[in-house]
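First the structure, in the form of structure tokens, and then the observations on it.
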Amino acid sequence: MVLVLAALGLAAIVHHPRVIVALDPRYAIDFLRHSGSVGFLVLGGVFLCITAAEALYADMGHLAGAPIRRSWYVVVCPHCC
């Protein structure tokens with residue numbers, strides 16, 4: 001599975017190489033400088049997404065995948081469709 005994700009990511013980077021520019025922190029600093037308080041809200045949202053994803057993977061290690069998948073389909077999926 002990891003190899004498939006790596007191959008798909010690499011193919012996407014080869015197809016759109018400008019995405020690598022997003023790793024430059026100067027763009028984030030420029031965004032925060034020009035967006036005011038909205039920038040801090042966006043930064044908070046990104047922080048919450050990263051920490052929630054890390055917590056989800058940690059929970060999968062403790063609980064196994066079945067409870068996480070079940071809660072995903074009950075909570076998230078009805079809102080997707």
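In the structure tokens, the first chain shown is A, the next is B, and so on; residue numbers restart at 1 for each chain, and ligands run from 1 in the order shown.
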DSSP on the backbone: which residues in chain A end up as alpha helix (DSSP H)? Give the answer as number ranges by chain. A: 2-15, 25-35, 37-63, 65-71, 77-80
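Across the structure, atom CA of Phe31 of chain A and atom CA of Gly45 of chain A are spaced 14.4 Å apart.
Coordinates place atom CA of Ala53 of chain A at a distance of 12.7 Å from atom CA of Trp72 of chain A.
The space between atom CA of Leu3 of chain A and atom CA of Ala28 of chain A spans 29.7 Å.
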